[in-house]
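Participant: Just one file: protein32.pdb, with PDB, C-alpha atoms, pLDDT in the B column.
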```pdb
ATOM      1  CA  MET W   1     207.075-167.197 112.041  1.00 69.00           C
ATOM      2  CA  PHE W   2     209.485-165.038 114.070  1.00 70.00           C
ATOM      3  CA  LEU W   3     206.601-162.804 115.065  1.00 76.00           C
ATOM      4  CA  PHE W   4     204.515-165.684 116.335  1.00 80.00           C
ATOM      5  CA  ILE W   5     207.196-167.533 118.303  1.00 82.00           C
ATOM      6  CA  PHE W   6     209.339-164.791 119.806  1.00 78.00           C
ATOM      7  CA  LEU W   7     206.837-161.981 120.237  1.00 82.00           C
ATOM      8  CA  ASP W   8     203.452-163.616 120.715  1.00 84.00           C
ATOM      9  CA  ILE W   9     204.298-166.798 122.605  1.00 85.00           C
ATOM     10  CA  ILE W  10     207.246-165.645 124.713  1.00 85.00           C
ATOM     11  CA  GLY W  11     206.364-161.957 125.094  1.00 86.00           C
ATOM     12  CA  VAL W  12     202.609-161.537 125.132  1.00 87.00           C
ATOM     13  CA  LEU W  13     201.803-164.767 126.965  1.00 86.00           C
ATOM     14  CA  SER W  14     204.254-163.768 129.682  1.00 86.00           C
ATOM     15  CA  LEU W  15     202.459-160.440 130.040  1.00 86.00           C
ATOM     16  CA  LEU W  16     199.130-162.280 130.191  1.00 87.00           C
ATOM     17  CA  GLY W  17     200.364-164.733 132.825  1.00 84.00           C
ATOM     18  CA  GLU W  18     199.594-165.007 136.499  1.00 79.00           C
ATOM     19  CA  LEU W  19     199.230-161.674 138.294  1.00 81.00           C
ATOM     20  CA  LEU W  20     198.078-159.705 135.276  1.00 84.00           C
ATOM     21  CA  ILE W  21     199.150-156.074 135.561  1.00 83.00           C
ATOM     22  CA  PRO W  22     196.981-154.114 133.099  1.00 86.00           C
ATOM     23  CA  SER W  23     199.401-151.211 132.637  1.00 86.00           C
ATOM     24  CA  PHE W  24     202.241-153.539 131.586  1.00 85.00           C
ATOM     25  CA  PHE W  25     199.885-155.503 129.337  1.00 88.00           C
ATOM     26  CA  TRP W  26     198.521-152.504 127.451  1.00 90.00           C
ATOM     27  CA  CYS W  27     201.954-150.868 127.147  1.00 90.00           C
ATOM     28  CA  GLY W  28     203.122-154.059 125.469  1.00 90.00           C
ATOM     29  CA  MET W  29     200.063-154.688 123.314  1.00 92.00           C
ATOM     30  CA  ILE W  30     200.072-151.360 121.472  1.00 93.00           C
ATOM     31  CA  PRO W  31     203.461-151.999 119.765  1.00 93.00           C
ATOM     32  CA  VAL W  32     202.555-155.669 119.188  1.00 92.00           C
ATOM     33  CA  ILE W  33     199.372-154.680 117.353  1.00 93.00           C
ATOM     34  CA  PHE W  34     201.371-152.143 115.335  1.00 93.00           C
ATOM     35  CA  ILE W  35     203.972-154.718 114.228  1.00 92.00           C
ATOM     36  CA  HIS W  36     201.243-157.209 113.297  1.00 91.00           C
ATOM     37  CA  LEU W  37     199.548-154.606 111.130  1.00 92.00           C
ATOM     38  CA  LEU W  38     202.909-153.839 109.542  1.00 89.00           C
ATOM     39  CA  ALA W  39     203.509-157.553 108.883  1.00 89.00           C
ATOM     40  CA  ILE W  40     200.274-157.994 106.938  1.00 89.00           C
ATOM     41  CA  GLN W  41     201.769-156.391 103.832  1.00 87.00           C
ATOM     42  CA  TYR W  42     204.613-158.935 103.809  1.00 85.00           C
ATOM     43  CA  VAL W  43     202.211-161.843 104.076  1.00 86.00           C
ATOM     44  CA  ILE W  44     200.164-160.542 101.144  1.00 89.00           C
ATOM     45  CA  ALA W  45     202.951-159.452  98.767  1.00 86.00           C
ATOM     46  CA  LEU W  46     206.469-160.108 100.007  1.00 77.00           C
ATOM     47  CA  TYR W  47     208.433-159.317  96.852  1.00 83.00           C
ATOM     48  CA  THR W  48     206.637-156.019  96.255  1.00 86.00           C
ATOM     49  CA  PHE W  49     207.944-154.609  99.538  1.00 81.00           C
ATOM     50  CA  GLU W  50     211.318-156.330  99.450  1.00 82.00           C
ATOM     51  CA  LYS W  51     213.479-153.314 100.350  1.00 84.00           C
ATOM     52  CA  SER W  52     211.370-152.270 103.332  1.00 87.00           C
ATOM     53  CA  TYR W  53     211.644-155.807 104.718  1.00 85.00           C
ATOM     54  CA  TYR W  54     214.941-154.866 106.406  1.00 88.00           C
ATOM     55  CA  LEU W  55     213.277-151.876 108.050  1.00 90.00           C
ATOM     56  CA  PHE W  56     210.533-154.205 109.255  1.00 89.00           C
ATOM     57  CA  PHE W  57     213.050-156.459 110.983  1.00 89.00           C
ATOM     58  CA  GLY W  58     214.695-153.449 112.632  1.00 92.00           C
ATOM     59  CA  VAL W  59     211.365-152.196 113.980  1.00 92.00           C
ATOM     60  CA  TYR W  60     210.497-155.747 115.013  1.00 91.00           C
ATOM     61  CA  GLY W  61     213.753-155.969 116.987  1.00 91.00           C
ATOM     62  CA  VAL W  62     213.072-152.724 118.844  1.00 93.00           C
ATOM     63  CA  ILE W  63     209.502-153.765 119.675  1.00 93.00           C
ATOM     64  CA  ASN W  64     210.675-157.213 120.751  1.00 91.00           C
ATOM     65  CA  ILE W  65     213.267-155.704 123.104  1.00 92.00           C
ATOM     66  CA  PHE W  66     210.634-153.358 124.562  1.00 92.00           C
ATOM     67  CA  VAL W  67     208.167-156.207 125.197  1.00 91.00           C
ATOM     68  CA  TYR W  68     210.888-158.348 126.822  1.00 90.00           C
ATOM     69  CA  PHE W  69     211.810-155.349 129.000  1.00 89.00           C
ATOM     70  CA  LEU W  70     208.177-155.146 130.141  1.00 89.00           C
ATOM     71  CA  VAL W  71     208.173-158.880 130.875  1.00 89.00           C
ATOM     72  CA  ILE W  72     211.300-158.474 133.042  1.00 87.00           C
ATOM     73  CA  GLN W  73     209.763-155.497 134.853  1.00 85.00           C
ATOM     74  CA  LYS W  74     206.590-157.482 135.510  1.00 86.00           C
ATOM     75  CA  LEU W  75     208.676-160.351 136.877  1.00 85.00           C
ATOM     76  CA  VAL W  76     210.642-158.026 139.162  1.00 80.00           C
ATOM     77  CA  TYR W  77     207.613-156.180 140.534  1.00 80.00           C
ATOM     78  CA  SER W  78     205.070-158.995 140.809  1.00 80.00           C
ATOM     79  CA  HIS W  79     207.050-162.139 141.626  1.00 78.00           C
ATOM     80  CA  PHE W  80     210.088-160.786 143.462  1.00 77.00           C
ATOM     81  CA  HIS W  81     208.054-158.087 145.284  1.00 75.00           C
ATOM     82  CA  ILE W  82     210.549-155.299 144.671  1.00 75.00           C
ATOM     83  CA  ILE W  83     209.026-151.983 145.790  1.00 74.00           C
ATOM     84  CA  VAL W  84     211.834-149.640 144.701  1.00 71.00           C
ATOM     85  CA  PRO W  85     210.738-147.543 141.681  1.00 68.00           C
ATOM     86  CA  PHE W  86     214.033-148.072 139.815  1.00 66.00           C
ATOM     87  CA  PRO W  87     215.332-151.519 140.854  1.00 60.00           C
ATOM     88  CA  PHE W  88     218.101-151.873 138.283  1.00 59.00           C
ATOM     89  CA  LEU W  89     219.574-148.437 138.949  1.00 55.00           C
ATOM     90  CA  LEU W  90     219.437-148.605 142.740  1.00 51.00           C
ATOM     91  CA  GLU W  91     220.637-152.183 143.080  1.00 53.00           C
ATOM     92  CA  SER W  92     223.798-151.516 141.082  1.00 49.00           C
ATOM     93  CA  ALA W  93     224.796-148.475 143.191  1.00 46.00           C
ATOM     94  CA  PRO W  94     227.702-149.137 145.620  1.00 49.00           C
TER      95      PRO W  94
END
```
Have the structure of the file written as C-alpha cells, please.
Facilitator:
Amino acid sequence: MFLFIFLDIIGVLSLLGELLIPSFFWCGMIPVIFIHLLAIQYVIALYTFEKSYYLFFGVYGVINIFVYFLVIQKLVYSHFHIIVPFPFLLESAP
C-alpha cells in the first residue's frame, strides 16, 4: 500500500506529468522497478521473510527520497525555468 500511494502515485506520476523529461523519468524508474521486484516476495510470503522486512523499508525510504528529489529537480528545471546547473547550491550562496 505504501509503495502504491507514496511512490507510484506521487512520485512516478509526477515524473510522467507535463513536460516529460526522459532522463529524469528513466533515472527514477530503474529504482522503482527494483523496489517493486523486491516487494513481490513480501506479497507472496510475508512471514517467511519477516526479518528482512525492516531492510526493505529502509531501501524503500532511500528510493522514495531519490524519486522525490528527481521530482523536485524536474519542477525546478521545467516549470521555473532555472538554467543554473546547481540551483540549490548557487541560490544559497551569499
Participant: Between W:Leu19, W:Val59, W:Ala45, W:Ile30, which residue has the minimum interatomic distance to Tyr77 (chain W), considering all atoms listed in the file?
Facilitator: W:Leu19
Participant: On this structure, the PyMOL selection byres ((chain W and resi 71-74) around 10) would catch which residues? List them as an MDAnalysis selection string, sorted by chain and number.
Facilitator: chainID W and resid 10:17 19:21 23:25 28 65:70 75:82 86:88
Participant: Create the file for the chosen residues now, containing C-alpha atoms and written as a CSV table (one decimal), keeping the file's coordinate frame.
Facilitator:
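Once everything was written out, this is result.csv:
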```csv
chain,number,residue,atom,x,y,z
W,10,ILE,CA,207.2,-165.6,124.7
W,11,GLY,CA,206.4,-162.0,125.1
W,12,VAL,CA,202.6,-161.5,125.1
W,13,LEU,CA,201.8,-164.8,127.0
W,14,SER,CA,204.3,-163.8,129.7
W,15,LEU,CA,202.5,-160.4,130.0
W,16,LEU,CA,199.1,-162.3,130.2
W,17,GLY,CA,200.4,-164.7,132.8
W,19,LEU,CA,199.2,-161.7,138.3
W,20,LEU,CA,198.1,-159.7,135.3
W,21,ILE,CA,199.2,-156.1,135.6
W,23,SER,CA,199.4,-151.2,132.6
W,24,PHE,CA,202.2,-153.5,131.6
W,25,PHE,CA,199.9,-155.5,129.3
W,28,GLY,CA,203.1,-154.1,125.5
W,65,ILE,CA,213.3,-155.7,123.1
W,66,PHE,CA,210.6,-153.4,124.6
W,67,VAL,CA,208.2,-156.2,125.2
W,68,TYR,CA,210.9,-158.3,126.8
W,69,PHE,CA,211.8,-155.3,129.0
W,70,LEU,CA,208.2,-155.1,130.1
W,75,LEU,CA,208.7,-160.4,136.9
W,76,VAL,CA,210.6,-158.0,139.2
W,77,TYR,CA,207.6,-156.2,140.5
W,78,SER,CA,205.1,-159.0,140.8
W,79,HIS,CA,207.0,-162.1,141.6
W,80,PHE,CA,210.1,-160.8,143.5
W,81,HIS,CA,208.1,-158.1,145.3
W,82,ILE,CA,210.5,-155.3,144.7
W,86,PHE,CA,214.0,-148.1,139.8
W,87,PRO,CA,215.3,-151.5,140.9
W,88,PHE,CA,218.1,-151.9,138.3
```
Participant: For a test of reading the model, state the distance in Å between CA of Ser52 (chain W) and CA of Asn64 (chain W), rounded to one decimal.
Facilitator: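 Atom-to-atom, CA of Ser52 (chain W) and CA of Asn64 (chain W) are spaced 18.1 Å apart.
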Participant: Where does the PyMOL selection byres ((chain W and resi 40-43) around 12) land in this file, that is, which residues does it pick, as a list in words?
Facilitator: Met1, Leu3, Ile33, Phe34, Ile35, His36, Leu37, Leu38, Ala39, Ile44, Ala45, Leu46, Tyr47, Thr48, Phe49, Glu50, Lys51, Ser52, Tyr53, Tyr54, Leu55, Phe56 and Phe57 of chain W
Participant: Rounded to one decimal place, report the CA of Val32 (chain W)-CA of Ile83 (chain W) distance in Å.
Facilitator: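 Taking CA of Val32 (chain W) and CA of Ile83 (chain W), their separation equals 27.6 Å.
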